[in-house]
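**Q** One file: entry-v8.cif (mmCIF, C-alpha atoms).
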```
data_input
#
loop_
_atom_site.label_atom_id
_atom_site.label_comp_id
_atom_site.auth_asym_id
_atom_site.auth_seq_id
_atom_site.Cartn_x
_atom_site.Cartn_y
_atom_site.Cartn_z
CA MET A 1135 192.69 -72.51 -115.88
CA LYS A 1136 194.42 -72.36 -119.26
CA ARG A 1137 197.50 -71.08 -117.47
CA MET A 1138 197.94 -74.70 -116.33
CA TYR A 1139 199.36 -75.42 -119.77
CA ILE A 1140 202.63 -74.49 -118.14
CA SER A 1141 204.01 -77.10 -115.84
CA VAL A 1142 204.25 -75.84 -112.29
CA LEU A 1143 207.34 -77.94 -111.74
CA LEU A 1144 209.03 -76.44 -114.78
CA ALA A 1145 208.19 -72.93 -113.64
CA VAL A 1146 209.65 -73.59 -110.20
CA ALA A 1147 212.77 -75.13 -111.74
CA ILE A 1148 213.34 -72.07 -113.90
CA VAL A 1149 212.94 -69.69 -110.99
CA MET A 1150 215.25 -71.75 -108.77
CA THR A 1151 217.87 -71.82 -111.51
CA ILE A 1152 217.68 -68.06 -111.92
CA VAL A 1153 218.01 -67.47 -108.19
CA SER A 1154 220.93 -69.84 -107.74
CA LEU A 1155 222.87 -68.56 -110.74
CA ALA A 1156 222.30 -64.92 -109.88
CA ALA A 1157 223.38 -65.52 -106.29
CA GLY A 1158 226.68 -66.96 -107.47
CA PHE A 1159 227.75 -63.89 -109.41
CA SER A 1160 228.00 -60.35 -108.12
CA SER A 1161 229.61 -57.15 -109.34
CA GLU A 1162 232.28 -57.47 -106.66
CA ASN A 1163 233.78 -60.59 -108.26
CA SER A 1164 233.13 -59.64 -111.88
CA THR A 1165 235.90 -59.20 -114.40
CA ALA A 1166 236.08 -57.31 -117.69
CA LEU A 1167 234.57 -58.91 -120.77
CA TRP A 1168 237.88 -58.61 -122.61
CA ASP A 1169 241.37 -57.11 -122.23
CA ALA A 1170 240.36 -53.48 -122.42
CA ASP A 1171 242.35 -50.50 -123.62
CA GLN A 1172 242.40 -47.22 -121.72
CA THR A 1173 240.46 -45.32 -124.40
CA ARG A 1174 236.67 -45.45 -124.21
CA ASP A 1175 236.03 -46.00 -127.89
CA LYS A 1176 233.72 -49.03 -128.00
CA ILE A 1177 229.98 -48.98 -128.56
CA VAL A 1178 228.18 -52.18 -127.57
CA VAL A 1179 224.76 -52.83 -129.10
CA ILE A 1180 222.33 -55.41 -127.76
CA SER A 1181 218.72 -55.87 -128.76
CA ASP A 1182 215.72 -58.16 -128.50
CA ILE A 1183 216.13 -59.01 -124.84
CA HIS A 1184 212.36 -59.41 -124.46
CA LEU A 1185 212.11 -59.07 -120.71
CA GLY A 1186 208.63 -60.22 -119.72
CA ILE A 1187 206.04 -59.70 -117.06
CA ASP A 1188 206.00 -63.34 -115.92
CA ASN A 1189 209.00 -65.65 -116.02
CA THR A 1190 206.82 -68.73 -116.44
CA PHE A 1191 206.40 -67.73 -120.06
CA SER A 1192 208.89 -64.92 -120.71
CA GLU A 1193 211.16 -65.53 -123.68
CA SER A 1194 214.20 -64.55 -121.59
CA ALA A 1195 213.95 -66.37 -118.28
CA GLN A 1196 216.82 -68.83 -118.52
CA ASN A 1197 219.17 -66.19 -119.91
CA LEU A 1198 218.40 -63.61 -117.22
CA PRO A 1199 221.33 -64.56 -114.94
CA LEU A 1200 223.70 -64.42 -117.91
CA LEU A 1201 222.36 -61.01 -118.93
CA ILE A 1202 222.90 -59.70 -115.39
CA GLU A 1203 226.39 -61.18 -115.40
CA PHE A 1204 227.10 -59.59 -118.80
CA LEU A 1205 226.01 -56.14 -117.55
CA GLN A 1206 228.11 -56.48 -114.39
CA ARG A 1207 231.19 -57.37 -116.42
CA LEU A 1208 230.50 -54.59 -118.88
CA GLN A 1209 230.85 -52.16 -115.97
CA LYS A 1210 234.44 -53.39 -115.53
CA THR A 1211 235.33 -53.10 -119.22
CA GLN A 1212 237.14 -49.78 -119.32
CA ASP A 1213 237.13 -49.17 -123.07
CA VAL A 1214 233.34 -49.26 -123.45
CA ARG A 1215 231.86 -45.83 -124.12
CA GLU A 1216 228.19 -46.72 -124.68
CA LEU A 1217 225.69 -49.52 -124.38
CA VAL A 1218 222.83 -49.17 -126.86
CA ILE A 1219 219.70 -51.27 -126.33
CA ALA A 1220 218.27 -51.40 -129.85
CA GLY A 1221 214.64 -52.23 -129.15
CA ASP A 1222 212.46 -55.02 -127.77
CA PHE A 1223 213.94 -54.43 -124.33
CA LEU A 1224 210.65 -54.94 -122.48
CA ASP A 1225 207.92 -57.05 -124.02
CA GLU A 1226 204.18 -56.36 -124.29
CA TRP A 1227 203.59 -58.66 -127.27
CA TYR A 1228 204.74 -62.08 -126.09
CA LEU A 1229 201.66 -62.82 -123.99
CA PRO A 1230 199.30 -65.78 -124.24
CA VAL A 1231 195.86 -64.74 -125.46
CA TYR A 1232 194.39 -65.77 -122.10
CA TYR A 1233 196.61 -63.33 -120.18
CA PRO A 1234 194.18 -61.15 -118.17
CA SER A 1235 192.90 -58.19 -120.17
CA TYR A 1236 194.13 -54.80 -118.94
CA THR A 1237 193.50 -51.14 -119.67
CA ASP A 1238 196.73 -49.51 -118.51
CA SER A 1239 199.92 -50.06 -120.53
CA ASP A 1240 201.88 -47.80 -118.18
CA GLN A 1241 201.11 -50.08 -115.25
CA PHE A 1242 201.86 -53.13 -117.39
CA TYR A 1243 205.36 -51.82 -118.07
CA ARG A 1244 205.89 -50.88 -114.44
CA ASP A 1245 205.12 -54.50 -113.60
CA VAL A 1246 207.56 -55.73 -116.27
CA ILE A 1247 210.22 -53.48 -114.78
CA ALA A 1248 209.48 -54.78 -111.27
CA ASN A 1249 209.75 -58.37 -112.53
CA ASN A 1250 213.20 -57.57 -113.93
CA GLN A 1251 214.50 -55.22 -111.26
CA ASP A 1252 217.91 -56.93 -111.17
CA VAL A 1253 218.48 -55.98 -114.83
CA ILE A 1254 217.29 -52.42 -114.21
CA ASP A 1255 219.63 -52.13 -111.22
CA GLU A 1256 222.62 -53.23 -113.29
CA LEU A 1257 221.80 -50.73 -116.03
CA ASN A 1258 221.77 -47.97 -113.42
CA ASN A 1259 225.09 -49.32 -112.11
CA LEU A 1260 226.44 -49.32 -115.64
CA ILE A 1261 225.64 -45.62 -115.99
CA ALA A 1262 227.24 -44.94 -112.61
CA SER A 1263 230.40 -46.67 -113.88
CA GLY A 1264 230.77 -44.03 -116.61
CA ILE A 1265 229.14 -45.83 -119.54
CA LYS A 1266 226.33 -44.06 -121.38
CA VAL A 1267 223.23 -46.24 -121.83
CA VAL A 1268 220.87 -45.55 -124.73
CA TYR A 1269 217.47 -47.08 -125.45
CA VAL A 1270 215.99 -47.24 -128.96
CA VAL A 1271 212.33 -48.19 -129.39
CA GLY A 1272 211.34 -51.62 -130.70
CA ASN A 1273 208.02 -53.03 -131.86
CA HIS A 1274 207.45 -55.23 -128.80
CA ASP A 1275 207.80 -52.17 -126.54
CA MET A 1276 206.39 -49.47 -128.84
CA LEU A 1277 203.79 -48.51 -126.21
CA LEU A 1278 206.43 -48.02 -123.51
CA ALA A 1279 206.16 -44.36 -122.48
CA ASP A 1280 209.47 -42.55 -122.12
CA ARG A 1281 208.54 -41.28 -118.63
CA ILE A 1282 207.93 -44.83 -117.36
CA LEU A 1283 211.38 -45.97 -118.48
CA GLN A 1284 212.96 -42.75 -117.19
CA GLU A 1285 211.47 -43.39 -113.75
CA ALA A 1286 213.31 -46.70 -113.65
CA ILE A 1287 216.60 -45.53 -115.23
CA PRO A 1288 216.86 -41.77 -114.58
CA GLU A 1289 220.07 -41.16 -116.55
CA LEU A 1290 219.05 -43.23 -119.55
CA ILE A 1291 219.22 -41.59 -123.00
CA GLN A 1292 216.16 -42.43 -125.12
CA ALA A 1293 216.26 -42.27 -128.91
CA ARG A 1294 212.76 -41.60 -130.20
CA ASP A 1295 211.61 -39.74 -133.30
CA ILE A 1296 208.02 -40.81 -134.06
CA LYS A 1297 205.76 -42.61 -131.60
CA GLY A 1298 206.82 -46.24 -131.52
CA LEU A 1299 210.03 -45.58 -133.45
CA GLY A 1300 213.53 -44.22 -132.98
CA VAL A 1301 217.00 -44.04 -134.49
CA TYR A 1302 220.23 -43.25 -132.66
CA TYR A 1303 223.27 -41.77 -134.40
CA ALA A 1304 226.50 -42.72 -132.65
CA GLY A 1305 230.23 -42.53 -133.32
CA ASP A 1306 232.76 -39.70 -133.45
CA ARG A 1307 231.11 -38.26 -136.58
CA LYS A 1308 227.56 -39.61 -136.08
CA GLU A 1309 228.48 -42.12 -138.75
CA ILE A 1310 226.70 -45.03 -137.04
CA ALA A 1311 222.91 -45.39 -137.31
CA ILE A 1312 221.20 -47.73 -134.85
CA GLU A 1313 217.50 -48.55 -134.97
CA HIS A 1314 215.39 -51.61 -134.30
CA GLY A 1315 214.36 -52.13 -137.93
CA HIS A 1316 210.58 -52.53 -137.54
CA ARG A 1317 209.94 -49.23 -139.33
CA TYR A 1318 210.15 -51.15 -142.63
CA ASP A 1319 208.06 -54.17 -141.59
CA VAL A 1320 204.37 -54.26 -142.61
CA PHE A 1321 203.55 -56.47 -139.62
CA SER A 1322 205.53 -54.48 -137.05
CA ALA A 1323 205.63 -50.80 -138.04
CA PRO A 1324 203.23 -48.52 -136.12
CA ASP A 1325 199.82 -48.46 -137.79
CA THR A 1326 197.47 -45.64 -136.80
CA PHE A 1327 195.58 -45.78 -140.11
CA THR A 1328 194.16 -49.20 -140.91
CA ASN A 1329 191.93 -49.59 -137.84
CA ALA A 1330 191.14 -45.91 -137.26
CA GLU A 1331 187.63 -46.09 -138.69
CA LEU A 1332 186.86 -49.35 -136.87
CA ALA A 1333 187.91 -47.99 -133.47
CA GLY A 1334 186.79 -44.41 -134.10
CA ASN A 1335 190.18 -42.94 -133.17
CA GLU A 1336 193.78 -42.63 -134.36
CA ASN A 1337 195.33 -44.26 -131.29
CA THR A 1338 195.29 -47.78 -132.76
CA ILE A 1339 199.05 -47.81 -133.20
CA LEU A 1340 199.46 -51.58 -132.77
CA PRO A 1341 200.17 -53.31 -136.11
CA ALA A 1342 198.97 -56.73 -137.22
CA GLY A 1343 202.11 -58.34 -135.83
CA TYR A 1344 200.91 -57.70 -132.28
CA PHE A 1345 197.97 -60.05 -132.77
CA TYR A 1346 200.07 -62.72 -134.45
CA ALA A 1347 202.68 -62.47 -131.68
CA ARG A 1348 199.99 -63.12 -129.07
CA TYR A 1349 198.71 -66.05 -131.11
CA ALA A 1350 202.22 -67.47 -131.58
CA ALA A 1351 203.08 -67.05 -127.90
CA THR A 1352 199.97 -69.00 -126.97
CA TRP A 1353 200.92 -71.82 -129.32
CA VAL A 1354 204.48 -72.02 -127.92
CA ILE A 1355 203.31 -71.91 -124.29
CA GLU A 1356 200.79 -74.67 -124.99
CA GLY A 1357 203.61 -76.88 -126.27
CA ARG A 1358 203.20 -76.26 -130.02
CA PRO A 1359 200.11 -78.46 -130.47
CA LYS A 1360 199.02 -79.63 -133.92
CA VAL A 1361 195.39 -78.56 -134.13
CA GLU A 1362 193.37 -78.83 -137.33
CA LYS A 1363 192.21 -75.37 -138.44
CA ASP A 1364 189.59 -74.82 -141.10
CA LEU A 1365 190.71 -71.45 -142.39
CA PRO A 1366 189.31 -69.82 -145.54
CA VAL A 1367 191.24 -70.55 -148.72
CA ILE A 1368 191.72 -68.13 -151.61
CA SER A 1369 192.46 -70.30 -154.61
CA GLU A 1370 192.41 -67.78 -157.45
CA VAL A 1371 195.54 -65.66 -157.77
CA PRO A 1372 194.84 -62.08 -158.89
CA ASP A 1373 196.61 -60.60 -161.89
CA PRO A 1374 199.96 -59.15 -160.70
CA ASN A 1375 199.12 -56.03 -162.71
CA ASP A 1376 196.17 -55.48 -160.36
CA LYS A 1377 198.41 -53.94 -157.72
CA ASP A 1378 195.78 -53.59 -155.03
CA GLN A 1379 194.42 -57.12 -155.16
CA PHE A 1380 197.71 -58.88 -155.87
CA ASP A 1381 199.17 -57.12 -152.81
CA ALA A 1382 196.16 -58.25 -150.76
CA TYR A 1383 196.74 -61.81 -151.98
CA LEU A 1384 200.40 -61.74 -150.99
CA TYR A 1385 199.37 -60.60 -147.51
CA TYR A 1386 196.94 -63.53 -147.39
CA LYS A 1387 199.65 -65.98 -148.51
CA VAL A 1388 202.05 -64.90 -145.79
CA LEU A 1389 199.35 -65.21 -143.14
CA SER A 1390 198.13 -68.57 -144.43
CA THR A 1391 201.69 -69.91 -144.16
CA ILE A 1392 202.04 -68.60 -140.62
CA SER A 1393 198.62 -69.98 -139.68
CA ALA A 1394 199.45 -73.44 -140.97
CA ARG A 1395 202.51 -73.51 -138.71
CA MET A 1396 201.03 -71.98 -135.55
CA THR A 1397 197.99 -73.91 -134.32
CA PRO A 1398 197.12 -73.16 -130.69
CA SER A 1399 194.20 -74.90 -129.04
CA GLU A 1400 191.91 -71.87 -129.09
CA ASN A 1401 189.07 -71.89 -131.60
CA GLN A 1402 189.50 -69.53 -134.53
CA ASP A 1403 186.05 -68.00 -133.96
CA GLU A 1404 186.59 -67.52 -130.21
CA LYS A 1405 187.03 -63.91 -129.06
CA ILE A 1406 190.50 -64.45 -127.70
CA PHE A 1407 191.89 -60.92 -128.21
CA ASP A 1408 190.24 -58.88 -125.46
CA MET A 1409 191.59 -55.41 -126.18
CA HIS A 1410 190.92 -52.36 -124.02
CA PHE A 1411 193.99 -50.20 -124.63
CA ALA A 1412 195.94 -48.57 -127.48
CA GLY A 1413 192.75 -47.30 -129.10
CA PHE A 1414 190.89 -50.63 -129.00
CA ASP A 1415 187.89 -51.40 -126.81
CA ASP A 1416 186.48 -54.70 -127.99
CA ALA A 1417 187.23 -58.40 -128.29
CA TYR A 1418 188.27 -60.04 -131.56
CA THR A 1419 188.65 -63.50 -133.04
CA TYR A 1420 191.43 -64.86 -135.19
CA LEU A 1421 189.08 -64.79 -138.17
CA ASP A 1422 188.50 -61.06 -137.64
CA PHE A 1423 191.88 -60.28 -139.17
CA TYR A 1424 192.35 -63.25 -141.49
CA PRO A 1425 191.98 -62.26 -145.18
CA VAL A 1426 189.11 -63.83 -147.11
CA LEU A 1427 187.36 -63.31 -150.42
CA GLN A 1428 184.67 -60.71 -149.76
CA ALA A 1429 181.19 -60.62 -151.33
CA ASP A 1430 182.31 -57.93 -153.78
CA GLY A 1431 185.14 -60.16 -155.04
CA THR A 1432 187.96 -58.34 -153.25
CA ILE A 1433 190.41 -59.84 -150.77
CA SER A 1434 190.46 -58.39 -147.28
CA ALA A 1435 190.26 -59.22 -143.61
CA PRO A 1436 186.64 -58.73 -142.51
CA VAL A 1437 187.19 -56.59 -139.39
CA LEU A 1438 190.74 -55.82 -138.26
CA PHE A 1439 193.33 -54.47 -140.72
CA ARG A 1440 190.85 -54.31 -143.59
CA ASN A 1441 192.58 -53.55 -146.90
CA ILE A 1442 195.89 -53.16 -145.09
CA GLN A 1443 197.77 -52.84 -148.38
CA ARG A 1444 196.04 -49.51 -149.05
CA THR A 1445 197.50 -47.75 -146.02
CA TRP A 1446 201.13 -48.78 -146.43
CA ALA A 1447 202.19 -45.68 -148.38
CA GLU A 1448 200.80 -43.24 -145.80
CA ARG A 1449 202.11 -45.38 -142.95
CA GLN A 1450 205.61 -44.99 -144.34
CA VAL A 1451 205.25 -41.22 -144.56
CA ALA A 1452 203.89 -41.00 -141.02
CA ASN A 1453 206.64 -43.32 -139.76
CA GLY A 1454 209.43 -41.22 -141.23
CA VAL A 1455 210.68 -43.74 -143.80
CA LYS A 1456 213.27 -41.92 -145.87
CA ILE A 1457 212.87 -43.88 -149.10
CA SER A 1458 209.53 -45.66 -149.45
CA ASN A 1459 209.09 -49.15 -150.82
CA GLU A 1460 206.23 -51.16 -152.25
CA PHE A 1461 203.83 -53.10 -150.05
CA ARG A 1462 204.51 -56.34 -151.89
CA GLU A 1463 208.23 -56.04 -151.23
CA ALA A 1464 207.65 -55.29 -147.56
CA VAL A 1465 205.10 -58.04 -146.92
CA VAL A 1466 207.12 -60.78 -148.64
CA GLY A 1467 210.35 -59.59 -147.01
CA ALA A 1468 208.99 -59.38 -143.48
CA GLU A 1469 210.21 -62.87 -142.56
CA ASP A 1470 213.49 -62.67 -144.47
CA TRP A 1471 216.56 -61.19 -142.77
CA LYS A 1472 217.93 -60.21 -146.19
CA TYR A 1473 215.07 -57.74 -146.65
CA PHE A 1474 216.24 -55.78 -143.63
CA PHE A 1475 219.78 -55.71 -144.97
CA SER A 1476 218.36 -54.28 -148.21
CA GLN A 1477 216.53 -51.62 -146.19
CA ALA A 1478 219.70 -50.71 -144.27
CA LYS A 1479 221.39 -50.12 -147.63
CA ARG A 1480 218.48 -48.21 -149.13
CA GLN A 1481 217.72 -46.00 -146.14
CA TYR A 1482 221.27 -45.33 -144.95
CA LEU A 1483 224.35 -46.87 -146.55
CA GLU A 1484 223.46 -46.04 -150.16
CA ASN A 1485 221.36 -42.97 -149.42
CA PRO A 1486 223.27 -39.83 -150.51
CA GLU A 1487 221.30 -37.82 -147.93
CA GLU A 1488 222.81 -39.90 -145.10
CA ASN A 1489 226.44 -39.75 -143.99
CA VAL A 1490 226.42 -43.22 -142.45
CA ASP A 1491 229.12 -45.89 -142.60
CA ILE A 1492 227.63 -48.48 -140.23
CA VAL A 1493 224.01 -49.49 -139.67
CA VAL A 1494 222.88 -51.71 -136.81
CA PHE A 1495 219.41 -53.27 -136.71
CA GLY A 1496 217.83 -55.79 -134.37
CA HIS A 1497 214.31 -57.18 -134.88
CA THR A 1498 215.06 -60.28 -136.99
CA HIS A 1499 216.77 -62.27 -134.20
CA VAL A 1500 219.30 -63.29 -136.87
CA PRO A 1501 222.81 -61.97 -136.15
CA SER A 1502 224.42 -60.73 -139.32
CA TYR A 1503 227.50 -58.90 -140.62
CA GLN A 1504 227.52 -57.64 -144.19
CA VAL A 1505 230.02 -55.37 -145.93
CA ILE A 1506 229.07 -53.58 -149.13
CA GLU A 1507 231.16 -51.85 -151.74
CA GLY A 1508 233.19 -49.05 -150.21
CA GLY A 1509 233.53 -50.83 -146.88
CA LYS A 1510 230.22 -49.70 -145.40
CA THR A 1511 228.77 -52.24 -143.02
CA TYR A 1512 225.43 -53.63 -141.85
CA LEU A 1513 225.23 -55.48 -138.55
CA ASN A 1514 222.31 -57.19 -136.87
CA SER A 1515 222.77 -57.60 -133.15
CA GLY A 1516 220.62 -60.75 -132.90
CA THR A 1517 218.81 -61.59 -129.68
CA TRP A 1518 219.07 -62.71 -126.03
CA ILE A 1519 215.93 -64.86 -125.90
CA ASP A 1520 216.33 -68.36 -124.47
CA HIS A 1521 215.43 -70.29 -127.62
CA ASN A 1522 216.22 -68.49 -130.84
CA THR A 1523 214.23 -70.43 -133.41
CA SER A 1524 215.13 -67.87 -136.09
CA TYR A 1525 218.83 -68.69 -135.69
CA PRO A 1526 219.30 -71.73 -133.43
CA ASP A 1527 223.09 -71.58 -133.58
CA ALA A 1528 223.36 -68.42 -131.51
CA THR A 1529 221.70 -66.43 -128.78
CA ARG A 1530 223.06 -63.77 -126.39
CA THR A 1531 224.62 -62.04 -129.39
CA PHE A 1532 225.68 -58.41 -129.58
CA ALA A 1533 227.56 -55.96 -131.77
CA VAL A 1534 230.79 -54.22 -130.82
CA ILE A 1535 231.89 -51.15 -132.75
CA THR A 1536 235.22 -49.45 -132.15
CA ALA A 1537 234.86 -45.79 -133.12
CA GLY A 1538 237.79 -43.93 -134.57
CA GLU A 1539 239.19 -42.44 -137.74
CA LYS A 1540 237.96 -45.63 -139.41
CA ASP A 1541 235.46 -47.64 -137.39
CA THR A 1542 235.79 -51.38 -136.95
CA SER A 1543 233.02 -53.73 -135.90
CA ALA A 1544 232.19 -57.31 -134.97
CA ILE A 1545 229.35 -59.60 -133.91
CA CYS A 1546 229.99 -61.48 -130.69
CA THR A 1547 228.20 -63.95 -128.44
CA TYR A 1548 228.30 -64.25 -124.67
CA ASN A 1549 228.84 -67.90 -123.81
CA THR A 1550 227.45 -69.73 -120.81
CA ASP A 1551 230.95 -70.09 -119.37
CA GLY A 1552 231.43 -66.30 -119.37
CA SER A 1553 233.68 -66.16 -122.41
CA VAL A 1554 233.04 -63.89 -125.37
CA SER A 1555 233.36 -65.29 -128.89
CA ASP A 1556 233.72 -63.29 -132.09
CA ILE A 1557 231.26 -64.93 -134.50
CA THR A 1558 231.58 -62.36 -137.29
CA ALA A 1559 232.89 -64.85 -139.83
CA SER A 1560 230.08 -67.31 -139.22
CA VAL A 1561 227.31 -64.72 -139.60
CA SER A 1562 228.78 -63.04 -142.67
CA LYS A 1563 226.37 -64.87 -144.97
CA GLU A 1564 226.74 -64.67 -148.71
CA MET A 1565 223.92 -62.79 -150.40
CA ASP A 1566 222.03 -64.41 -153.26
#
```
If you took the structure in this file and wrote it as structure tokens, what would it be?
**A**
Amino acid sequence: MKRMYISVLLAVAIVMTIVSLAAGFSSENSTALWDADQTRDKIVVISDIHLGIDNTFSESAQNLPLLIEFLQRLQKTQDVRELVIAGDFLDEWYLPVYYPSYTDSDQFYRDVIANNQDVIDELNNLIASGIKVVYVVGNHDMLLADRILQEAIPELIQARDIKGLGVYYAGDRKEIAIEHGHRYDVFSAPDTFTNAELAGNENTILPAGYFYARYAATWVIEGRPKVEKDLPVISEVPDPNDKDQFDAYLYYKVLSTISARMTPSENQDEKIFDMHFAGFDDAYTYLDFYPVLQADGTISAPVLFRNIQRTWAERQVANGVKISNEFREAVVGAEDWKYFFSQAKRQYLENPEENVDIVVFGHTHVPSYQVIEGGKTYLNSGTWIDHNTSYPDATRTFAVITAGEKDTSAICTYNTDGSVSDITASVSKEMD
């Protein structure tokens, strides 16, 4: 009965709003997003749509009619060459912990697709209009099999390189690199190493962020309650020269900060993560992956993601990271949008092995536009979720790149009145 945390009246109101708004807008009366040229030279990048399996708790329920409207109008915009969906298109992470346990991710995603059939239909219509549609893998849909998505959108181009990851090179000279960005995130990059011994297989691709996303979703759906939690405290800071243990401590500090903020009603020793897919076949508590001081004096989670700092180097190799970085940099930077800008520079813009002028990431939910020396550019396409707590000033944001002899680019937002605003200046934050 924990699903009753969600007000039935609110759920009905959301659904009625979606139905009424969607009914009032169809492709027949849609107009172009902007005054288009005759040359198809624009690449539109959206990401972090987070379409869910149940609109009573999906992160993108209120924005669904506007997304459908946006896709319908995109079909009429004659200078658009491609739409790239840069990850977190469908969502298997934003689920309350009491969502019924399942064993079949393929069926889960089929159900997500069925719940968002209007969006799928418009993407197929978009392709029929002459616009190429590309999907790049995100962390929230890293288990989405290519064949499942291809069943729904037969002419879709999928950019995948390693399981759970992908990068798409676009532009006239392949000078634009588009990926989700989770490859460089300790909490979100595929992890087939840390839990392999625990589960007895190498299929445990889900990283620690999956569990924290479920925990956070539960807290939000319950109304963000303030519940006292008696979590273990590590008071002694290891010597920074002790790389292994100082890294483990930094991981603990990040999680302790998150845990102080997110306090769902579930008990921390209750087996709330009932996992029977992706290599797991057991139930786990919050304390199972919370770092503590072990009997031998080392810092580690007791069960899940034990000594996670020790697998980061091999995770990066397996995940195709071009230029590796230290665990401590990655764990501290995971919640900072600037870290992902630094990775875009390191991996692409300043990498002599890459001939890339523009990099587009998603993942952070923070729209951004940064130009470095030489005119090379980093963009973050932001998100389409209903309530963007990471950047409250903007949602429904997207990147627009005009390909040519010298590419130009911008960050835009789709407003509730159907207008498109260029917000590049406001998201061009100064770097410290």
**Q** Evaluate the PyMOL selection byres ((chain A and resi 1231) around 9) on the structure here and hand back the selected residues as a list in words.
**A** Leu1229, Pro1230, Tyr1232, Tyr1233, Pro1234, Ser1235, Phe1345, Arg1348, Tyr1349, Ala1351, Thr1352, Glu1400, Ile1406, Phe1407 and Asp1408 of chain A
**Q** Could you check which of A:Thr1445, A:Ser1502, A:Thr1237, A:Asn1250 is closest to A:Ile1557, using only C-alpha atoms?
**A**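 Ranked by minimum distance to A:Ile1557, first place goes to A:Ser1502.
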**Q** Rank nothing, just name the residue among A:Ser1390, A:Ser1239, A:Gln1292, A:Gln1443 nearest to A:Val1465, using all atoms listed in the file.
**A**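 Result for the nearest residue to A:Val1465: A:Gln1443.
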**Q** So, counting all atoms listed in the file, which residue among A:Val1500, A:Val1271, A:Val1505, A:Ile1355 is closest to A:Asp1527?
**A**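 When distances to A:Asp1527 are compared using all atoms listed in the file, the smallest one comes from A:Val1500.
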**Q** Starting from the shown file, work through the PyMOL selection byres ((chain A and resi 1226) around 8) and note down what comes out as a VMD selection string.
**A** chain A and resid 1186 1224 to 1225 1227 to 1229 1242 to 1243 1274 to 1275
**Q** Mind pulling up the distance from atom CA of A:Ile1442 to atom CA of A:Tyr1418?
**A**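 Here the two named atoms are 17.0 Å from each other.
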**Q** Using the chain letters and numbers from the file, which residues does the PyMOL selection byres ((chain A and resi 1176) around 12) grab, as a tab-separated table (two decimals) with C-alpha atoms, in the coordinates of the input?
**A**
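What ended up in selection_35.tsv:
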```tsv
chain	number	residue	atom	x	y	z
A	1168	TRP	CA	237.88	-58.61	-122.61
A	1170	ALA	CA	240.36	-53.48	-122.42
A	1171	ASP	CA	242.35	-50.50	-123.62
A	1172	GLN	CA	242.40	-47.22	-121.72
A	1173	THR	CA	240.46	-45.32	-124.40
A	1174	ARG	CA	236.67	-45.45	-124.21
A	1175	ASP	CA	236.03	-46.00	-127.89
A	1177	ILE	CA	229.98	-48.98	-128.56
A	1178	VAL	CA	228.18	-52.18	-127.57
A	1179	VAL	CA	224.76	-52.83	-129.10
A	1208	LEU	CA	230.50	-54.59	-118.88
A	1211	THR	CA	235.33	-53.10	-119.22
A	1212	GLN	CA	237.14	-49.78	-119.32
A	1213	ASP	CA	237.13	-49.17	-123.07
A	1214	VAL	CA	233.34	-49.26	-123.45
A	1215	ARG	CA	231.86	-45.83	-124.12
A	1216	GLU	CA	228.19	-46.72	-124.68
A	1217	LEU	CA	225.69	-49.52	-124.38
A	1218	VAL	CA	222.83	-49.17	-126.86
A	1265	ILE	CA	229.14	-45.83	-119.54
A	1266	LYS	CA	226.33	-44.06	-121.38
A	1304	ALA	CA	226.50	-42.72	-132.65
A	1305	GLY	CA	230.23	-42.53	-133.32
A	1306	ASP	CA	232.76	-39.70	-133.45
A	1533	ALA	CA	227.56	-55.96	-131.77
A	1534	VAL	CA	230.79	-54.22	-130.82
A	1535	ILE	CA	231.89	-51.15	-132.75
A	1536	THR	CA	235.22	-49.45	-132.15
A	1537	ALA	CA	234.86	-45.79	-133.12
A	1538	GLY	CA	237.79	-43.93	-134.57
A	1541	ASP	CA	235.46	-47.64	-137.39
A	1542	THR	CA	235.79	-51.38	-136.95
A	1543	SER	CA	233.02	-53.73	-135.90
A	1544	ALA	CA	232.19	-57.31	-134.97
```
**Q** Could you check which of A:Ser1434, A:Ser1322, A:Gln1284, A:Asn1489 is closest to A:Glu1309, using only C-alpha atoms?
**A**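 The shortest atom-to-atom distance to A:Glu1309 comes from A:Asn1489.
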**Q** If the box runs along x, y and z of the file and leaves 5 Å on each side of stretch 1316-1335 of chain A, what are its centre and edge lengths in Å, one decimal, as JSON?
**A**
```
{"center_x": 198.7, "center_y": -49.7, "center_z": -137.9, "size_x": 33.8, "size_y": 23.5, "size_z": 19.5}
```
**Q** Taking (221.3, -42.3, -147.6) as a centre in this file's frame and 12 Å as the limit, can you find every polymer residue with an atom that close, using only C-alpha atoms, and give them as a ChimeraX atom specification?
**A** /A:1309,1311,1455-1457,1477-1493,1510
**Q** Could you write out that same residue set with C-alpha atoms as a compact mmCIF listing (two decimals), in the frame of the given file?
**A**
```
# COMPACT_ATOMS: atom_id res chain seq x y z
CA GLU A 1309 228.48 -42.12 -138.75
CA ALA A 1311 222.91 -45.39 -137.31
CA VAL A 1455 210.68 -43.74 -143.80
CA LYS A 1456 213.27 -41.92 -145.87
CA ILE A 1457 212.87 -43.88 -149.10
CA GLN A 1477 216.53 -51.62 -146.19
CA ALA A 1478 219.70 -50.71 -144.27
CA LYS A 1479 221.39 -50.12 -147.63
CA ARG A 1480 218.48 -48.21 -149.13
CA GLN A 1481 217.72 -46.00 -146.14
CA TYR A 1482 221.27 -45.33 -144.95
CA LEU A 1483 224.35 -46.87 -146.55
CA GLU A 1484 223.46 -46.04 -150.16
CA ASN A 1485 221.36 -42.97 -149.42
CA PRO A 1486 223.27 -39.83 -150.51
CA GLU A 1487 221.30 -37.82 -147.93
CA GLU A 1488 222.81 -39.90 -145.10
CA ASN A 1489 226.44 -39.75 -143.99
CA VAL A 1490 226.42 -43.22 -142.45
CA ASP A 1491 229.12 -45.89 -142.60
CA ILE A 1492 227.63 -48.48 -140.23
CA VAL A 1493 224.01 -49.49 -139.67
CA LYS A 1510 230.22 -49.70 -145.40
```
